[in-house]
file work_18.txt (compact mmCIF, C-alpha atoms and all ligand atoms)
# COMPACT_ATOMS: atom_id res chain seq x y z
CA MET C 1 163.12 184.89 165.27
CA GLN C 2 161.40 184.52 161.86
CA PRO C 3 158.26 182.32 161.91
CA SER C 4 158.70 178.98 160.11
CA THR C 5 156.90 178.45 156.80
CA GLN C 6 154.44 176.18 158.60
CA GLU C 7 153.75 178.81 161.27
CA GLN C 8 153.22 181.44 158.58
CA THR C 9 150.88 179.13 156.64
CA ASP C 10 148.88 178.37 159.79
CA LYS C 11 148.63 182.07 160.55
CA GLU C 12 147.38 182.83 157.04
CA LYS C 13 144.74 180.09 157.35
CA GLN C 14 143.65 181.55 160.69
CA LEU C 15 143.46 185.07 159.20
CA ALA C 16 141.37 183.87 156.24
CA ALA C 17 139.01 181.94 158.54
CA THR C 18 138.63 184.98 160.81
CA ALA C 19 137.87 187.25 157.84
CA ALA C 20 135.22 184.76 156.64
CA MET C 21 133.17 185.54 159.77
CA ARG C 22 132.27 188.88 158.09
CA TRP C 23 130.26 186.80 155.55
CA VAL C 24 128.15 185.15 158.26
CA ARG C 25 124.73 186.57 159.15
CA ASP C 26 122.39 185.62 161.98
CA GLY C 27 119.88 182.97 160.90
CA MET C 28 121.93 181.63 157.98
CA VAL C 29 122.01 177.99 156.91
CA ILE C 30 125.72 177.28 156.43
CA GLY C 31 127.67 174.53 154.68
CA LEU C 32 130.75 173.54 156.66
CA GLY C 33 133.81 172.60 154.62
CA SER C 34 136.56 170.14 155.50
CA GLY C 35 140.29 170.34 156.17
CA SER C 36 142.44 172.42 158.50
CA THR C 37 141.36 175.87 157.24
CA ALA C 38 137.66 175.01 157.34
CA ALA C 39 138.22 173.62 160.86
CA GLN C 40 139.46 177.06 161.97
CA PHE C 41 136.27 178.59 160.58
CA ILE C 42 134.03 175.98 162.28
CA THR C 43 135.81 176.70 165.57
CA LEU C 44 135.21 180.46 165.28
CA LEU C 45 131.60 179.88 164.30
CA GLY C 46 131.14 177.49 167.24
CA GLN C 47 132.63 179.98 169.68
CA GLU C 48 130.28 182.78 168.52
CA LEU C 49 127.35 180.42 168.82
CA ARG C 50 128.39 179.35 172.32
CA ASP C 51 128.68 183.00 173.35
CA GLY C 52 125.09 183.48 172.18
CA LYS C 53 126.16 186.02 169.52
CA LEU C 54 124.82 184.02 166.60
CA ARG C 55 122.11 181.52 165.66
CA ILE C 56 122.84 179.42 162.60
CA GLN C 57 122.14 175.93 161.32
CA ALA C 58 124.62 173.87 159.33
CA THR C 59 125.46 170.71 157.44
CA ALA C 60 129.02 169.35 157.34
CA THR C 61 130.96 167.99 154.37
CA SER C 62 132.77 165.27 156.34
CA VAL C 63 132.48 163.19 159.46
CA ALA C 64 135.48 165.09 160.91
CA SER C 65 133.81 168.49 160.40
CA GLU C 66 130.53 167.15 161.73
CA THR C 67 132.27 165.93 164.90
CA LEU C 68 133.94 169.31 165.37
CA ALA C 69 130.65 171.17 164.81
CA ARG C 70 128.87 168.91 167.29
CA SER C 71 131.53 169.61 169.92
CA PHE C 72 130.41 173.27 169.85
CA GLY C 73 126.71 172.42 169.79
CA ILE C 74 126.23 173.78 166.25
CA PRO C 75 122.73 172.59 165.19
CA LEU C 76 123.19 170.17 162.28
CA LEU C 77 120.71 169.58 159.48
CA GLU C 78 120.45 166.20 157.78
CA PRO C 79 120.34 166.14 153.96
CA ARG C 80 116.78 166.62 152.69
CA ARG C 81 115.06 167.75 149.52
CA GLY C 82 114.91 171.50 149.06
CA LEU C 83 117.72 172.18 151.56
CA ARG C 84 119.87 175.06 150.33
CA PHE C 85 122.74 176.88 151.96
CA ASP C 86 123.03 180.67 152.21
CA LEU C 87 126.76 180.26 152.49
CA THR C 88 129.31 177.44 152.40
CA VAL C 89 132.83 178.08 153.67
CA ASP C 90 135.50 175.61 152.61
CA GLY C 91 139.24 175.31 151.94
CA ALA C 92 141.08 174.32 148.76
CA ASP C 93 144.27 172.54 147.77
CA GLU C 94 144.97 174.75 144.77
CA LEU C 95 143.21 177.66 143.10
CA ASP C 96 143.88 179.90 140.13
CA ASP C 97 142.92 183.50 139.34
CA GLN C 98 139.72 182.30 137.60
CA LEU C 99 138.66 180.76 140.95
CA ARG C 100 139.02 177.24 139.58
CA LEU C 101 139.90 174.85 142.39
CA ILE C 102 141.45 171.49 143.12
CA LYS C 103 139.92 169.99 146.26
CA GLY C 104 139.91 166.62 147.98
CA GLY C 105 143.38 166.47 149.52
CA GLY C 106 141.63 165.32 152.68
CA GLY C 107 139.29 163.02 150.76
CA ALA C 108 136.08 165.00 151.33
CA LEU C 109 135.53 166.11 147.70
CA LEU C 110 132.20 164.40 147.07
CA ARG C 111 130.23 165.90 149.96
CA GLU C 112 132.07 169.18 149.42
CA LYS C 113 130.87 169.34 145.82
CA VAL C 114 127.32 168.39 146.79
CA LEU C 115 127.14 171.26 149.29
CA ALA C 116 128.98 173.70 147.01
CA THR C 117 126.39 173.03 144.32
CA ALA C 118 123.51 173.45 146.80
CA SER C 119 124.89 176.79 148.02
CA ASP C 120 123.95 180.31 147.00
CA TYR C 121 127.47 181.47 147.90
CA LEU C 122 130.65 179.39 148.10
CA LEU C 123 133.41 181.18 149.99
CA ILE C 124 136.85 179.58 149.77
CA ILE C 125 139.39 180.33 152.50
CA ALA C 126 143.07 179.59 151.96
CA ASP C 127 146.65 180.49 152.75
CA SER C 128 148.73 182.17 150.05
CA SER C 129 150.52 178.96 148.98
CA LYS C 130 147.25 177.70 147.43
CA LEU C 131 147.11 180.37 144.71
CA VAL C 132 148.95 179.07 141.62
CA PRO C 133 149.40 180.31 138.02
CA GLN C 134 148.25 176.93 136.66
CA LEU C 135 146.38 174.09 138.39
CA GLY C 136 147.90 170.61 138.51
CA GLN C 137 150.98 170.51 140.69
CA PHE C 138 148.72 169.27 143.49
CA PRO C 139 147.56 165.74 142.56
CA LEU C 140 143.94 165.79 141.42
CA PRO C 141 141.84 163.49 143.65
CA LEU C 142 139.09 161.19 142.37
CA GLU C 143 136.55 159.32 144.48
CA VAL C 144 136.19 155.86 142.93
CA VAL C 145 133.83 152.93 143.48
CA PRO C 146 136.07 149.98 144.59
CA PHE C 147 134.77 147.54 141.92
CA ALA C 148 135.67 149.96 139.12
CA LEU C 149 139.22 150.72 140.34
CA PRO C 150 141.26 148.75 137.71
CA TRP C 151 139.38 150.25 134.78
CA VAL C 152 139.46 153.74 136.24
CA LEU C 153 143.26 153.45 136.62
CA ASP C 154 143.55 152.31 132.97
CA ALA C 155 141.38 155.18 131.74
CA VAL C 156 143.19 157.83 133.79
CA ASP C 157 146.55 156.44 132.63
CA ALA C 158 145.38 156.83 129.03
CA LEU C 159 144.67 160.51 129.77
CA GLY C 160 148.25 160.94 131.08
CA GLY C 161 147.17 161.24 134.71
CA ALA C 162 149.74 158.80 136.23
CA PRO C 163 147.20 157.66 138.83
CA THR C 164 148.09 156.34 142.27
CA VAL C 165 145.70 154.81 144.78
CA ARG C 166 145.81 156.75 148.03
CA PRO C 167 147.04 154.64 150.97
CA ASP C 168 145.42 154.83 154.38
CA LYS C 169 147.25 157.35 156.61
CA GLN C 170 147.36 155.02 159.61
CA ASN C 171 148.15 151.80 157.73
CA ASN C 172 150.08 152.14 154.46
CA GLN C 173 149.22 148.56 153.48
CA GLU C 174 145.54 149.48 153.27
CA MET C 175 143.81 151.79 150.81
CA ALA C 176 142.26 155.01 152.17
CA ARG C 177 138.46 155.03 152.30
CA THR C 178 136.20 158.05 151.99
CA ASP C 179 133.30 158.76 154.35
CA GLN C 180 131.18 156.91 151.74
CA GLY C 181 133.46 153.82 151.79
CA ASN C 182 134.92 154.53 148.34
CA LEU C 183 138.58 154.70 147.27
CA LEU C 184 140.70 157.72 146.43
CA VAL C 185 142.86 157.95 143.32
CA ASP C 186 145.34 160.83 142.95
CA CYS C 187 146.15 161.94 139.40
CA HIS C 188 149.57 163.43 138.68
CA PHE C 189 148.95 165.48 135.56
CA LYS C 190 151.48 168.10 136.79
CA ALA C 191 149.87 170.91 134.74
CA LEU C 192 146.21 171.15 133.70
CA ALA C 193 146.17 172.92 130.34
CA ASP C 194 142.37 172.69 130.03
CA PRO C 195 140.61 171.90 133.35
CA GLU C 196 137.10 172.15 131.79
CA GLN C 197 137.95 169.56 129.11
CA LEU C 198 139.57 167.28 131.68
CA ALA C 199 136.50 167.51 133.93
CA LEU C 200 134.32 166.31 131.03
CA GLN C 201 136.71 163.43 130.28
CA LEU C 202 136.74 162.32 133.93
CA GLN C 203 132.95 162.57 134.23
CA ALA C 204 132.67 160.15 131.30
CA ILE C 205 134.64 157.37 133.06
CA PRO C 206 132.30 154.87 134.78
CA GLY C 207 133.18 154.30 138.43
CA ILE C 208 134.45 157.81 139.12
CA VAL C 209 131.88 159.09 141.59
CA GLU C 210 133.40 162.59 141.63
CA HIS C 211 136.59 164.46 140.75
CA GLY C 212 138.25 167.24 142.69
CA LEU C 213 137.98 169.97 140.04
CA PHE C 214 135.58 172.67 141.26
CA LEU C 215 134.90 174.84 138.23
CA GLY C 216 132.58 177.85 138.25
CA LEU C 217 131.47 177.08 141.81
CA ALA C 218 133.42 179.51 144.00
CA SER C 219 131.74 182.89 144.50
CA ALA C 220 134.78 184.43 146.14
CA VAL C 221 138.11 183.42 147.63
CA LEU C 222 139.71 184.81 150.79
CA ILE C 223 143.48 184.48 150.80
CA GLY C 224 145.61 185.14 153.84
CA LYS C 225 148.93 186.65 152.81
CA GLY C 226 151.37 187.85 155.46
CA GLU C 227 149.27 189.98 157.82
CA GLN C 228 146.53 190.70 155.27
CA VAL C 229 143.53 188.93 153.79
CA VAL C 230 142.47 189.72 150.23
CA VAL C 231 139.21 188.85 148.50
CA ARG C 232 139.39 187.62 144.92
CA LYS C 233 136.37 187.43 142.65
CA ARG C 234 136.36 186.34 139.01
CA GLY C 235 137.41 189.18 136.71
CA ALA C 236 137.96 191.69 139.53
CA GLU C 237 141.02 193.16 141.19
CA PRO C 238 141.82 191.71 144.65
CA VAL C 239 140.40 193.82 147.50
CA ASN C 240 141.31 193.92 151.20
CA ALA C 241 138.79 191.67 153.00
CA MET C 242 138.02 194.29 155.65
CA GLN C 243 137.02 196.80 152.96
CA PHE C 244 134.98 194.37 150.87
CA THR C 245 131.30 195.31 150.86
CA GLU C 246 129.56 192.85 148.48
CA LEU C 247 128.69 190.44 151.27
CA PRO C 248 125.85 187.90 150.82
O1 LIG W 1 139.19 167.03 151.14
C1 LIG W 1 139.62 168.05 151.68
C2 LIG W 1 139.25 169.40 151.29
O2 LIG W 1 139.05 169.59 149.93
C3 LIG W 1 140.07 170.52 151.92
O3 LIG W 1 139.27 171.66 151.85
C4 LIG W 1 141.39 170.78 151.23
O4 LIG W 1 142.16 169.59 151.22
C5 LIG W 1 142.19 171.91 151.90
O5 LIG W 1 142.60 171.50 153.17
P1 LIG W 1 143.46 172.45 154.12
O6 LIG W 1 142.60 173.59 154.52
O7 LIG W 1 143.79 171.55 155.29
O8 LIG W 1 144.67 172.87 153.37

call {"tool": "encode", "arguments": {"input": "work_18.txt", "output": "structure tokens", "more": "lines below"}}
Ligand SMILES: O=C[C@H](O)[C@H](O)[C@H](O)COP(=O)(O)O
result
Amino acid sequence: MQPSTQEQTDKEKQLAATAAMRWVRDGMVIGLGSGSTAAQFITLLGQELRDGKLRIQATATSVASETLARSFGIPLLEPRRGLRFDLTVDGADELDDQLRLIKGGGGALLREKVLATASDYLLIIADSSKLVPQLGQFPLPLEVVPFALPWVLDAVDALGGAPTVRPDKQNNQEMARTDQGNLLVDCHFKALADPEQLALQLQAIPGIVEHGLFLGLASAVLIGKGEQVVVRKRGAEPVNAMQFTELP
């Protein structure tokens, strides 16, 4: 029997997360991403740590990832000045061949961008459905301060973003809240002709704490496709992850 699309996607996520373990070195300080693919990576990392094969320290990008990391006894570092990460491993909702990303489908974009920016190496792990010719089919998430919501919606509408406020998963009548207590707005631009320009426009709107465009941040992307995992770097041909040698 052929595996379902969901089974295939899950397998590709698992393969990408497994390949990412090649990037991990003993003693590293690691940023832990959020979402289902990052959770696979945290699980593998936790298992190695439990088996005594690895000593690392980490900081998580969401309460959910922190809880998972704690369940394996991964030592967690609180935010502090000067803290940098040797490596952060995270998922993505969409990515293009220039390693531009849309993130925040799970609402964790703010902490994810903070850690991505404080990292020497951001490794993105994803299944093959995430690689697209042009960003924008996946709604672009914004984290928004509740007081500013009406004006943010007006401003995003004026940019053609057809914004919707994300409902809470458990209770559709309520609005979803981020780990910081802010709201999430999803923008339906459909196709992002100029992500860099859009990022500047969004940054200029008061009340938007962060947007889900991650531009120039990813060092490399690991994509599970079928039985293989390929590494993509900006301006380079994809390489099989097992043969890739430019590890951090
Ligand atoms: O806010 C969530 C994050 O940006 C995730 O990394 C992203 O949504 C991808 O999640 P998944 O690995 O579950 O597809």

call {"tool": "residues_around", "arguments": {"input": "work_18.txt", "residues": "stretch 80-82 of chain C", "least_positions_apart": "6", "cutoff": "12 Å", "atoms": "only C-alpha atoms", "output": "NGL selection string"}}
result
:C and (59 or 115 or 118-119)

call {"tool": "atom_distance", "arguments": {"input": "work_18.txt", "atom1": "atom CA of C:Val209", "atom2": "atom CA of C:Val145"}}
result
6.7 Å

call {"tool": "closest_residue", "arguments": {"input": "work_18.txt", "among": "C:Ile205, C:Leu192, C:Val63, C:Ala199", "to": "ligand LIG 1 (chain W)", "atoms": "only C-alpha atoms and all ligand atoms"}}
result
C:Val63

call {"tool": "residues_near_ligand", "arguments": {"input": "work_18.txt", "ligand": "ligand LIG 1 (chain W)", "cutoff": "6 Å", "atoms": "all atoms listed in the file", "output": "VMD selection string"}}
result
chain C and resid 34 to 38 90 to 93 103 to 109

call {"tool": "atom_distance", "arguments": {"input": "work_18.txt", "atom1": "atom CA of C:Lys190", "atom2": "atom CA of C:Gly136"}}
result
4.7 Å

call {"tool": "residues_around", "arguments": {"input": "work_18.txt", "residues": "stretch 127-134 of chain C", "least_positions_apart": "3", "cutoff": "6 Å", "atoms": "all atoms listed in the file", "output": "list in words"}}
result
Thr9, Glu12, Lys13, Asp93, Glu94, Leu95, Asp96, Ile223, Gly224 and Lys225 of chain C

call {"tool": "residues_around", "arguments": {"input": "work_18.txt", "residues": "C:Glu196", "least_positions_apart": "4", "cutoff": "9 Å", "atoms": "all atoms listed in the file", "output": "list of chain:residue names"}}
result
C:Leu200, C:Gln201, C:Leu213, C:Leu215

call {"tool": "residues_around", "arguments": {"input": "work_18.txt", "residues": "C:Trp23", "least_positions_apart": "6", "cutoff": "9 Å", "atoms": "only C-alpha atoms", "output": "PyMOL selection string"}}
result
chain C and resi 87+123+247-248

call {"tool": "closest_residue", "arguments": {"input": "work_18.txt", "among": "C:Gln40, C:Asp179, C:Asp186, C:Tyr121", "to": "C:Leu153", "atoms": "all atoms listed in the file"}}
result
C:Asp186

call {"tool": "atom_distance", "arguments": {"input": "work_18.txt", "atom1": "atom CA of C:Ala148", "atom2": "atom CA of C:Thr61"}}
result
24.1 Å

call {"tool": "closest_residue", "arguments": {"input": "work_18.txt", "among": "C:Arg177, C:Arg111, C:Lys233, C:Arg50", "to": "C:Ser62", "atoms": "all atoms listed in the file"}}
result
C:Arg111

call {"tool": "residues_around", "arguments": {"input": "work_18.txt", "residues": "C:Ala218", "least_positions_apart": "2", "cutoff": "7 Å", "atoms": "all atoms listed in the file", "output": "list in words"}}
result
Leu99, Leu122, Leu123, Ile124, Gly216 and Ala220 of chain C

call {"tool": "residues_near_point", "arguments": {"input": "work_18.txt", "point": "(132.6, 152.4, 137.3)", "cutoff": "10 Å", "atoms": "only C-alpha atoms", "output": "ChimeraX atom specification"}}
result
/C:144-152,204-209

call {"tool": "closest_residue", "arguments": {"input": "work_18.txt", "among": "C:Val229, C:Leu83, C:Ala64, C:Leu15", "to": "C:Val29", "atoms": "only C-alpha atoms"}}
result
C:Leu83

call {"tool": "closest_residue", "arguments": {"input": "work_18.txt", "among": "C:His188, C:Gln98, C:Ser71, C:Ala155", "to": "C:Gly235", "atoms": "all atoms listed in the file"}}
result
C:Gln98

call {"tool": "closest_residue", "arguments": {"input": "work_18.txt", "among": "C:Leu142, C:Gln228, C:Glu174, C:Leu217", "to": "C:Cys187", "atoms": "only C-alpha atoms"}}
result
C:Leu142
